[in-house]
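K.L.:
Below are the structure tokens for one structure; questions will follow.
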Amino acid sequence: MALHVEEHGPADAPTIVFLHGGGGAGWMWRPQVEALAGEFHLLVPDLPEQGRSTDAGPFTMASAAGQVADLIRSRAHGGVAHVVGLSEGAQVGVELLATAPDVVPTALLSSPLVRPIPGGSLMTPGVVRWSYRLSVAPLRGSDWWIRLNMRSAAGVPDAYFPEFRESFRTLTESGFVDLMIANQRYRLPAGLGQAQTRTLVVAGANEYQAMRDSVRDVAAALPNGTARLVRHPGKMSLAQEHNWNMTAPDLFNSLVRVWIAGDPLPVELIEV
């Protein structure tokens with residue numbers, strides 16, 4: 001297994017696999033590990049070209065989904081796992097449902113982009129490469145710049161600064177290009193209509209329109225798909241809504257529990 005994987009929880013409990021967002025690593029799931037490791041068997045991989053899986057690339061949705069399917073078959077209890085994915089990890093989850101739905105009884109996918117965003121067509125590999133060379137490579141040693149990106153672009157709480165800094169510093173140019181291009185070019189895959197996985201697809205109520213439309217698209221393509229928006233109390237930035245497993249962990253953890261159990265959804269989830 002090329003992916004670096006952290007494992008937690010009881011040896012006889014159902015397995016959950018957590019798939020992190022682009023440019024991060026398994027550390028993004030710390031609130032879920034701390035809350036759920038007593039109830040579930042947790043597998044938390046670093047996806048290809050990220051974290052401690054830098055040698056598991058190149059990153060594509062197909063290769064990432066294939067490696068996650070192998071992980072489930074080899075290390076999940078009973079060879080199946082509930083899958084929770086966020087952002088690019090949710091896109092990997094969509095690809096997994098299209099290619100290996102038999103290993104996933106339930107899925108919770110938050111913000112899986114499958115539509116073009118305004119200006120996305122301008123993000124060619126060359127443009128992304130120069131973006132890395134100008135805004136990442138020369139500033140790896142600047143804690144001020146890294147913290148600014150963490151707060152404004154990613155909406156990650158300050159408590160995660162050491163982990164965010166490490167991910168920022170270790171992300172290579174090729175990895176950055178592969179992740180950005182895969183994210184922006186991913187579209188609804190064929191095969192979802194054959195997946196019987198009970199799937200909840202969500203996004204923040206204030207995320208941009210292409211993301212909210214993507215939630216509808218993915219859920220509609222699945223025979224057992226449900227689409228909802230998350231209405232957060234209080235004021236949150238767009239980035240904080242996107243990475244809400246860290247900024248609203250109690251609600252996120254509650255949703256994981258009730259979705260797996262088949263219980264009623266929290267009142268914060270509203271119709272798309």
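Identifiers for the structure tokens are assigned positionally: chains receive A, B, ... in sequence, residues are indexed from 1 per chain, and ligands are indexed from 1 in the order shown.
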Please provide as a ChimeraX atom specification all residues within 12 Å of Glu34 (chain A), with the sequence filter that same-chain residues fewer than 3 positions apart are discarded (counting only C-alpha atoms).
P.N.:
/A:8-9,27-31,37-40,42,246,249-250,253
K.L.:
Give me, as a tab-separated table, the closest atom pair and its distance (Å, one decimal) for every residue of region 36-153 of chain A within a cut-off of 10 Å of region 220-227 of chain A, counting only C-alpha atoms, rows sorted by chain and rising number.
P.N.:
residue	atom	partner	partner_atom	distance
A:Val94	CA	A:Leu222	CA	9.9
A:Leu97	CA	A:Leu222	CA	9.0
A:Ala98	CA	A:Leu222	CA	9.4
A:Thr106	CA	A:Asn224	CA	9.6
A:Ala107	CA	A:Gly225	CA	9.3
A:Leu108	CA	A:Thr226	CA	9.7
A:Leu109	CA	A:Ala227	CA	9.8
K.L.:
If you count only C-alpha atoms, which residues fall within 12 Å of Ser254 (chain A), apart from same-chain ones fewer than 2 positions away, as a PyMOL selection string?
P.N.:
chain A and resi 31-32+35-36+245+248-252+256-261+263-269
K.L.:
For the selection you just gave me, I'd like the residues written to a file as a CSV table (one decimal), in the first residue's frame, keeping C-alpha atoms.
P.N.:
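Result file follows (again36.csv):
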chain,number,residue,atom,x,y,z
A,31,PRO,CA,-11.7,16.5,15.4
A,32,GLN,CA,-13.4,13.5,13.9
A,35,ALA,CA,-14.7,12.3,18.7
A,36,LEU,CA,-15.3,9.0,16.8
A,245,ASN,CA,-15.3,19.6,9.7
A,248,ALA,CA,-18.0,23.3,13.1
A,249,PRO,CA,-16.8,19.9,14.3
A,250,ASP,CA,-19.7,19.1,16.7
A,251,LEU,CA,-22.2,19.4,13.9
A,252,PHE,CA,-20.1,17.5,11.5
A,256,VAL,CA,-21.5,11.4,10.5
A,257,ARG,CA,-23.1,9.4,13.3
A,258,VAL,CA,-26.7,9.9,12.3
A,259,TRP,CA,-26.1,9.3,8.6
A,260,ILE,CA,-24.3,6.0,9.2
A,261,ALA,CA,-27.1,5.0,11.7
A,263,ASP,CA,-31.3,8.5,11.9
A,264,PRO,CA,-33.0,11.8,11.1
A,265,LEU,CA,-30.7,14.6,9.8
A,266,PRO,CA,-29.9,17.6,12.0
A,267,VAL,CA,-32.1,20.7,11.6
A,268,GLU,CA,-29.2,22.6,10.2
A,269,LEU,CA,-29.5,20.6,7.0
K.L.:
Hey, what's within 8 Å of Gly93 (chain A) if we count only C-alpha atoms and toss same-chain stuff fewer than 5 positions away? As a count of residues only, please?
P.N.:
7
K.L.:
Just the helix (DSSP H, G or I) stuff from region 149-246 of chain A, please, per backbone DSSP, written as a ChimeraX atom specification.
P.N.:
/A:149-153,158-170,173-185,192-194,209-221,238-242,244-246
K.L.:
Save out the residues we just selected, C-alpha atoms, as an mmCIF file, in the first residue's frame.
P.N.:
data_model
loop_
_atom_site.group_PDB
_atom_site.id
_atom_site.type_symbol
_atom_site.label_atom_id
_atom_site.label_comp_id
_atom_site.auth_asym_id
_atom_site.auth_seq_id
_atom_site.Cartn_x
_atom_site.Cartn_y
_atom_site.Cartn_z
ATOM 1 C CA ASN A 149 -3.325 31.511 3.428
ATOM 2 C CA MET A 150 -4.496 29.225 6.203
ATOM 3 C CA ARG A 151 -6.973 31.792 7.537
ATOM 4 C CA SER A 152 -8.243 33.496 4.388
ATOM 5 C CA ALA A 153 -7.944 30.942 1.587
ATOM 6 C CA ASP A 158 -5.177 28.581 14.123
ATOM 7 C CA ALA A 159 -4.799 25.394 16.170
ATOM 8 C CA TYR A 160 -3.788 23.568 12.980
ATOM 9 C CA PHE A 161 -0.977 25.934 12.009
ATOM 10 C CA PRO A 162 1.906 23.459 12.492
ATOM 11 C CA GLU A 163 0.208 20.834 10.338
ATOM 12 C CA PHE A 164 -0.916 23.358 7.715
ATOM 13 C CA ARG A 165 2.623 24.784 7.534
ATOM 14 C CA GLU A 166 4.078 21.320 7.019
ATOM 15 C CA SER A 167 1.624 20.577 4.193
ATOM 16 C CA PHE A 168 2.372 23.965 2.595
ATOM 17 C CA ARG A 169 6.119 23.372 2.762
ATOM 18 C CA THR A 170 6.102 19.811 1.444
ATOM 19 C CA GLU A 173 5.217 21.878 -7.890
ATOM 20 C CA SER A 174 4.075 18.768 -9.764
ATOM 21 C CA GLY A 175 1.762 17.828 -6.916
ATOM 22 C CA PHE A 176 0.252 21.324 -6.838
ATOM 23 C CA VAL A 177 -0.382 21.252 -10.583
ATOM 24 C CA ASP A 178 -1.847 17.736 -10.490
ATOM 25 C CA LEU A 179 -4.199 18.584 -7.595
ATOM 26 C CA MET A 180 -5.438 21.871 -9.037
ATOM 27 C CA ILE A 181 -6.015 20.533 -12.545
ATOM 28 C CA ALA A 182 -7.762 17.384 -11.270
ATOM 29 C CA ASN A 183 -10.020 19.463 -9.045
ATOM 30 C CA GLN A 184 -11.012 21.998 -11.690
ATOM 31 C CA ARG A 185 -11.524 19.505 -14.519
ATOM 32 C CA LEU A 192 -22.929 6.406 -10.672
ATOM 33 C CA GLY A 193 -26.327 5.080 -11.679
ATOM 34 C CA GLN A 194 -25.169 1.577 -10.753
ATOM 35 C CA GLN A 209 -23.474 28.380 -7.050
ATOM 36 C CA ALA A 210 -21.384 25.848 -8.976
ATOM 37 C CA MET A 211 -20.792 23.971 -5.727
ATOM 38 C CA ARG A 212 -24.467 23.967 -4.758
ATOM 39 C CA ASP A 213 -25.362 22.789 -8.262
ATOM 40 C CA SER A 214 -22.728 20.056 -7.973
ATOM 41 C CA VAL A 215 -24.420 18.788 -4.822
ATOM 42 C CA ARG A 216 -27.679 18.412 -6.756
ATOM 43 C CA ASP A 217 -25.946 16.766 -9.717
ATOM 44 C CA VAL A 218 -24.138 14.122 -7.691
ATOM 45 C CA ALA A 219 -27.153 13.247 -5.559
ATOM 46 C CA ALA A 220 -29.448 13.072 -8.592
ATOM 47 C CA ALA A 221 -27.070 10.697 -10.388
ATOM 48 C CA LEU A 238 -16.856 30.913 2.569
ATOM 49 C CA ALA A 239 -13.630 29.068 3.366
ATOM 50 C CA GLN A 240 -14.820 28.261 6.893
ATOM 51 C CA GLU A 241 -18.080 26.856 5.523
ATOM 52 C CA HIS A 242 -16.125 24.744 3.072
ATOM 53 C CA TRP A 244 -16.574 22.859 8.305
ATOM 54 C CA ASN A 245 -15.342 19.570 9.703
ATOM 55 C CA MET A 246 -12.728 21.748 11.476
#
K.L.:
Quick one: residues within 6 Å of Ser87 (chain A), only C-alpha atoms, excluding same-chain residues fewer than 3 positions away - as a PDB file with N, CA and C atoms, in the first residue's frame?
P.N.:
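Just written: around-v3.pdb:
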ATOM      1  N   GLY A  21      -9.261  17.158   2.061  1.00  0.00           N
ATOM      2  CA  GLY A  21      -9.275  18.104   0.963  1.00  0.00           C
ATOM      3  C   GLY A  21      -7.909  18.294   0.326  1.00  0.00           C
ATOM      4  N   ALA A  90     -13.940  14.590  -1.391  1.00  0.00           N
ATOM      5  CA  ALA A  90     -15.300  14.233  -1.791  1.00  0.00           C
ATOM      6  C   ALA A  90     -15.360  13.881  -3.269  1.00  0.00           C
ATOM      7  N   SER A 111     -19.113  19.010  -0.469  1.00  0.00           N
ATOM      8  CA  SER A 111     -18.579  19.912  -1.495  1.00  0.00           C
ATOM      9  C   SER A 111     -17.768  19.217  -2.578  1.00  0.00           C
ATOM     10  N   PRO A 112     -18.359  18.228  -3.266  1.00  0.00           N
ATOM     11  CA  PRO A 112     -17.673  17.585  -4.397  1.00  0.00           C
ATOM     12  C   PRO A 112     -17.942  18.351  -5.696  1.00  0.00           C
TER      13      PRO A 112
END
K.L.:
Could you tell me which of A:Glu88, A:Arg187, A:Ala2, A:Ser131 comes closest to Gln67 (chain A) if we count only C-alpha atoms?
P.N.:
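Smallest distance to Gln67 (chain A) is found for A:Ala2.
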K.L.:
Could you check which of A:Leu96, A:Ala11, A:Leu229, A:Ile16 is closest to Gly191 (chain A), using only C-alpha atoms?
P.N.:
A:Leu96
K.L.:
If you count only C-alpha atoms, which residues fall within 9 Å of Ile72 (chain A), apart from same-chain ones fewer than 6 positions away, as a list of chain:residue names?
P.N.:
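Neighbouring residues, sequence-local ones excluded: A:Thr15, A:Val17, A:Leu43, A:Gly78, A:Gly79, A:Val80, A:Ala81, A:Val103, A:Val104.
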K.L.:
Give me the residues near Pro101 (chain A) as an MDAnalysis selection string, where near means some atom within 8 Å (using only C-alpha atoms) and where sequence neighbours in that chain fewer than 5 positions away do not count.
P.N.:
chainID A and resid 96 195:197
K.L.:
Next, the residues of the selection above should be written as a JSON list (two decimals), in the first residue's frame with C-alpha atoms.
P.N.:
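So part.json came out as:
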[["chain", "number", "residue", "atom", "x", "y", "z"],
["A", 96, "LEU", "CA", -15.01, 5.64, -5.80],
["A", 195, "ALA", "CA", -24.10, 2.50, -7.22],
["A", 196, "GLN", "CA", -26.57, 1.48, -4.53],
["A", 197, "THR", "CA", -24.60, 3.27, -1.80]]
K.L.:
Identify which of the residues A:Ile270, A:Ala205, A:Ala25, A:Ile117 lies closest to Met236 (chain A), counting only C-alpha atoms when measuring atom-to-atom distances.
P.N.:
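Using only C-alpha atoms, the shortest distance to Met236 (chain A) belongs to A:Ala205.
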K.L.:
Considering only strand (DSSP E) as DSSP defines it on the backbone, what residues of region 37-134 of chain A qualify? List them as a VMD selection string.
P.N.:
chain A and resid 41 to 45 82 to 86 106 to 110
K.L.:
Put those residues in a file: C-alpha atoms, as an mmCIF file, in the first residue's frame.
P.N.:
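The result, stored in again_38.cif:
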data_model
loop_
_atom_site.group_PDB
_atom_site.id
_atom_site.type_symbol
_atom_site.label_atom_id
_atom_site.label_comp_id
_atom_site.auth_asym_id
_atom_site.auth_seq_id
_atom_site.Cartn_x
_atom_site.Cartn_y
_atom_site.Cartn_z
ATOM 1 C CA HIS A 41 -12.578 1.801 13.309
ATOM 2 C CA LEU A 42 -11.033 4.746 11.445
ATOM 3 C CA LEU A 43 -8.710 4.716 8.430
ATOM 4 C CA VAL A 44 -7.261 8.130 7.620
ATOM 5 C CA PRO A 45 -5.025 8.140 4.526
ATOM 6 C CA HIS A 82 -18.338 4.077 5.273
ATOM 7 C CA VAL A 83 -16.641 6.898 3.347
ATOM 8 C CA VAL A 84 -16.501 10.539 4.433
ATOM 9 C CA GLY A 85 -14.929 12.966 1.971
ATOM 10 C CA LEU A 86 -14.386 16.717 1.942
ATOM 11 C CA THR A 106 -22.765 4.651 3.004
ATOM 12 C CA ALA A 107 -21.015 7.854 1.972
ATOM 13 C CA LEU A 108 -21.036 11.440 3.214
ATOM 14 C CA LEU A 109 -19.561 13.769 0.583
ATOM 15 C CA SER A 110 -19.114 17.453 1.372
#
K.L.:
Quote the spacing between CA of Gly262 (chain A) and CA of Glu7 (chain A) in Å to one decimal place.
P.N.:
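Value for the CA of Gly262 (chain A)-CA of Glu7 (chain A) distance: 24.6 Å.
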K.L.:
CA of Met61 (chain A) and CA of Thr99 (chain A), how far apart in Å?
P.N.:
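Computing the Euclidean distance for CA of Thr99 (chain A) and CA of Met61 (chain A) yields 10.9 Å.
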K.L.:
When distances are computed from only C-alpha atoms, which of A:Leu3, A:Leu139, A:Pro10, A:Leu148 shows the smallest separation from Ser63 (chain A)?
P.N.:
A:Leu3
K.L.:
Using Å and a single decimal, report how far CA of Val114 (chain A) sits from CA of Leu200 (chain A).
P.N.:
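Interatomic distance here is 15.5 Å.
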